[in-house]
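Right, one structure below, let's go through it.
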Amino acid sequence: MTSTARWWNRIAQKYARQPIADEAVYERKLALTREHFTPDSEVLEFGCGTGGTAILHAPHVRHVLATDISEEMLIIARDKAAEAGVSNVSFERADFDTLETGTFDVVLGLSILHLLAKPQEAIKKAYDMTRPGGVFVSSTACLADKMWFLRPIAPIMKLFGIFPPVLSFFSAAQLAGYLENAGFEVEYQWRPEKAVAVFMIARRPV
Ligand SMILES: C[S@@+](CC[C@H](N)C(=O)[O-])C[C@H]1O[C@@H](n2cnc3c(N)ncnc32)[C@H](O)[C@@H]1O
């Protein structure tokens, strides 16, 4: 098991108990995402955590493949889906770096790109997994904009297990550049007031 999987396994129960930081912002992100769904949509969410978002989107699409590196997160997610009576979400354990799967109408990467060692490569992969005309929806902590001061202390925090083992620092402008370099067209960008995370909808051209 990788140190990343171990770290996320360790905090899964605590993560599941955390309330949504801002309900209104979360609801708006759900609504903006759903504008790109049809009842036939095939959706991939990588880094799905405890599955809350995949479960809420499930009634609006045909199927969601929800993946995560942490089995402990997925155990909670599967229980939540069963409790909600949702049967069109498949939860699978996978490191996004090595995930091999097909193409999707909508790909979701929520609170995950800054937790990957090579976000640019992950975005290229997300591009390959988005069908032409489909969209990649991301919500990403752009740490270089608002939390740049964490960069020098990050290695120590990682050593003590306080920060996750992998943390990438980039700005919203850099993230938009990564998306465009991969071939996406950024259609929508929103940073809620005071938020570290930037919400982006990027389309793979036909
Ligand atoms: C901050 S949580 C976000 C969870 C969920 N997307 C959300 O918005 O609540 C990050 C998730 O990414 C997962 N993760 C971290 N590195 C990963 C990787 N390389 N591949 C797949 N999942 C990963 C963690 O296990 C964790 O569940």
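Order determines the names: the first chain of the structure tokens is A, the second B, and so forth; residues in each chain are numbered 1 upward, and ligands are numbered 1 upward as they are shown.
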Practice item. Residues up to 6 Å from ligand 1, counting only C-alpha atoms and all ligand atoms: could you list those as a list in words? Key: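 I would give the residues around ligand 1 as Trp8, Phe46, Gly47, Cys48, Gly49, Asp68, Ile69, Ser70, Met73, Ala94, Asp95, Phe96, Asp97, Leu110, Ser111, Ile112, Leu115 and Leu116 of chain A.
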Check your understanding: Out of range 17-149 of chain A, which residues get helix (DSSP H, G or I) from DSSP, as a ChimeraX atom specification?
Key -> /A:17,23-34,52-60,71-84,113-115,119-129,143-146,148-149
Exercise for review: Could you tell me how far CA of Val137 in chain A lies from CA of Pro165 in chain A, in Å and to one decimal?
Suggested key: 24.3 Å
Find the spatial neighbours of range 21-29 of chain A, counting only C-alpha atoms, within a cut-off of 12 Å - ignore same-chain residues fewer than 3 positions away - and output them as a CSV table (one decimal) with N, CA and C atoms, in the first residue's frame.
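Ended up saving to selection_5.csv:
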chain,number,residue,atom,x,y,z
A,17,ARG,N,-17.0,12.7,8.8
A,17,ARG,CA,-17.7,13.5,9.8
A,17,ARG,C,-17.7,15.0,9.5
A,18,GLN,N,-16.8,15.4,8.6
A,18,GLN,CA,-16.6,16.9,8.4
A,18,GLN,C,-17.9,17.4,7.7
A,32,LEU,N,-24.3,23.7,-11.3
A,32,LEU,CA,-23.5,24.0,-12.5
A,32,LEU,C,-23.1,22.7,-13.2
A,33,THR,N,-22.7,21.8,-12.4
A,33,THR,CA,-22.3,20.5,-12.9
A,33,THR,C,-23.4,19.8,-13.7
A,34,ARG,N,-24.6,19.8,-13.1
A,34,ARG,CA,-25.8,19.1,-13.6
A,34,ARG,C,-26.2,19.7,-15.0
A,35,GLU,N,-25.8,21.0,-15.2
A,35,GLU,CA,-26.2,21.5,-16.5
A,35,GLU,C,-25.5,20.7,-17.7
A,36,HIS,N,-24.5,19.9,-17.3
A,36,HIS,CA,-23.8,19.2,-18.3
A,36,HIS,C,-24.2,17.7,-18.4
A,52,GLY,N,-20.1,11.3,-1.3
A,52,GLY,CA,-21.3,12.2,-1.2
A,52,GLY,C,-21.7,12.8,-2.5
A,53,THR,N,-20.8,13.3,-3.2
A,53,THR,CA,-21.2,14.1,-4.5
A,53,THR,C,-21.6,13.1,-5.5
A,56,LEU,N,-25.2,12.1,-4.9
A,56,LEU,CA,-26.2,13.2,-5.1
A,56,LEU,C,-26.4,13.3,-6.6
A,57,HIS,N,-25.3,13.1,-7.4
A,57,HIS,CA,-25.4,13.2,-8.9
A,57,HIS,C,-26.1,12.0,-9.5
A,108,LEU,N,-15.3,14.2,-13.3
A,108,LEU,CA,-15.2,15.1,-12.2
A,108,LEU,C,-13.9,14.8,-11.4
A,110,LEU,N,-12.7,16.5,-8.0
A,110,LEU,CA,-13.1,17.5,-7.0
A,110,LEU,C,-12.2,17.4,-5.8
A,137,VAL,N,-15.0,18.7,-15.0
A,137,VAL,CA,-15.4,19.6,-14.0
A,137,VAL,C,-14.4,19.4,-12.8
A,138,SER,N,-13.7,20.5,-12.4
A,138,SER,CA,-12.8,20.4,-11.3
A,138,SER,C,-13.1,21.5,-10.3
A,139,SER,N,-12.8,21.2,-9.0
A,139,SER,CA,-12.8,22.1,-8.0
A,139,SER,C,-11.5,21.9,-7.2
A,188,TYR,N,-15.8,28.0,-17.9
A,188,TYR,CA,-16.4,28.6,-16.8
A,188,TYR,C,-15.4,28.5,-15.6
A,189,GLN,N,-15.2,29.6,-14.9
A,189,GLN,CA,-14.3,29.7,-13.8
A,189,GLN,C,-14.9,30.5,-12.7
A,190,TRP,N,-14.9,29.9,-11.5
A,190,TRP,CA,-15.5,30.6,-10.3
A,190,TRP,C,-14.7,30.3,-9.1
A,191,ARG,N,-14.3,31.4,-8.5
A,191,ARG,CA,-13.7,31.3,-7.1
A,191,ARG,C,-14.7,32.0,-6.1
A,192,PRO,N,-15.4,31.2,-5.3
A,192,PRO,CA,-16.3,31.9,-4.4
A,192,PRO,C,-15.5,32.8,-3.4
A,193,GLU,N,-16.1,33.8,-3.0
A,193,GLU,CA,-15.4,34.8,-2.1
A,193,GLU,C,-14.6,34.1,-1.0
A,194,LYS,N,-13.4,34.5,-0.8
A,194,LYS,CA,-12.5,34.0,0.3
A,194,LYS,C,-12.1,32.5,0.1
A,195,ALA,N,-12.6,31.8,-0.9
A,195,ALA,CA,-12.3,30.4,-1.1
A,195,ALA,C,-10.9,30.2,-1.6
A,196,VAL,N,-10.3,29.1,-1.2
A,196,VAL,CA,-9.0,28.7,-1.8
A,196,VAL,C,-9.2,27.9,-3.1
A,197,ALA,N,-10.4,27.2,-3.1
A,197,ALA,CA,-10.6,26.4,-4.3
A,197,ALA,C,-11.3,27.1,-5.4
A,198,VAL,N,-10.9,26.8,-6.6
A,198,VAL,CA,-11.4,27.4,-7.8
A,198,VAL,C,-12.2,26.3,-8.6
A,199,PHE,N,-13.4,26.6,-9.0
A,199,PHE,CA,-14.3,25.7,-9.7
A,199,PHE,C,-14.2,26.0,-11.2
A,200,MET,N,-13.9,25.0,-12.0
A,200,MET,CA,-13.7,25.2,-13.4
A,200,MET,C,-14.4,24.1,-14.2
A,201,ILE,N,-15.0,24.6,-15.3
A,201,ILE,CA,-15.6,23.6,-16.2
A,201,ILE,C,-14.9,23.8,-17.6
Exercise for review: as an MDAnalysis selection string, list the residues of chain A assigned to strand (DSSP E or B) by DSSP on the backbone atoms of this structure.
Suggested key: chainID A and resid 42:46 63:68 89:93 104:110 130:141 185:190 197:203
Exercise for review: Could you give me, as a list in words, the residues within 12 Å of Lys124 in chain A, counting only C-alpha atoms and dropping anything in the same chain fewer than 6 positions from it?
Suggested key: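 My list of contacting residues is Phe96, Asp97, Leu113, Lys118, Thr130, Phe136, Gly177, Tyr178, Leu179, Glu180, Asn181, Ala182, Gly183, Phe184 and Arg204 of chain A.
Proximity to Pro59 in chain A was assessed for A:Ala5, A:Ala81, A:Ile11, A:Val206 counting only C-alpha atoms; the smallest distance is recorded for A:Ala81.
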Revision key, fill the gap. In terms of only C-alpha atoms, the residue from A:Ser171, A:Thr4, A:Thr38, A:Asn88 at minimal distance from Ala58 in chain A is A:Asn88
Check your understanding: Which one is closest to Pro132 in chain A: A:Glu72, A:Arg93, A:Ala202, A:Leu65? Count only C-alpha atoms.
Key -> A:Ala202
Exercise for review: Would you work out the distance separating CA of Ala172 in chain A from CA of Val107 in chain A, expressed in Å to one decimal?
Suggested key: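 We find that CA of Ala172 in chain A and CA of Val107 in chain A lie 19.1 Å from each other.
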Point to revise | All residues 12 Å or closer to Pro152 in chain A, only C-alpha atoms, same chain fewer than 5 positions away omitted, as a list in words | key: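 Returned residues: Ala144, Met147, Met157, Lys158, Leu167 and Phe169 of chain A.
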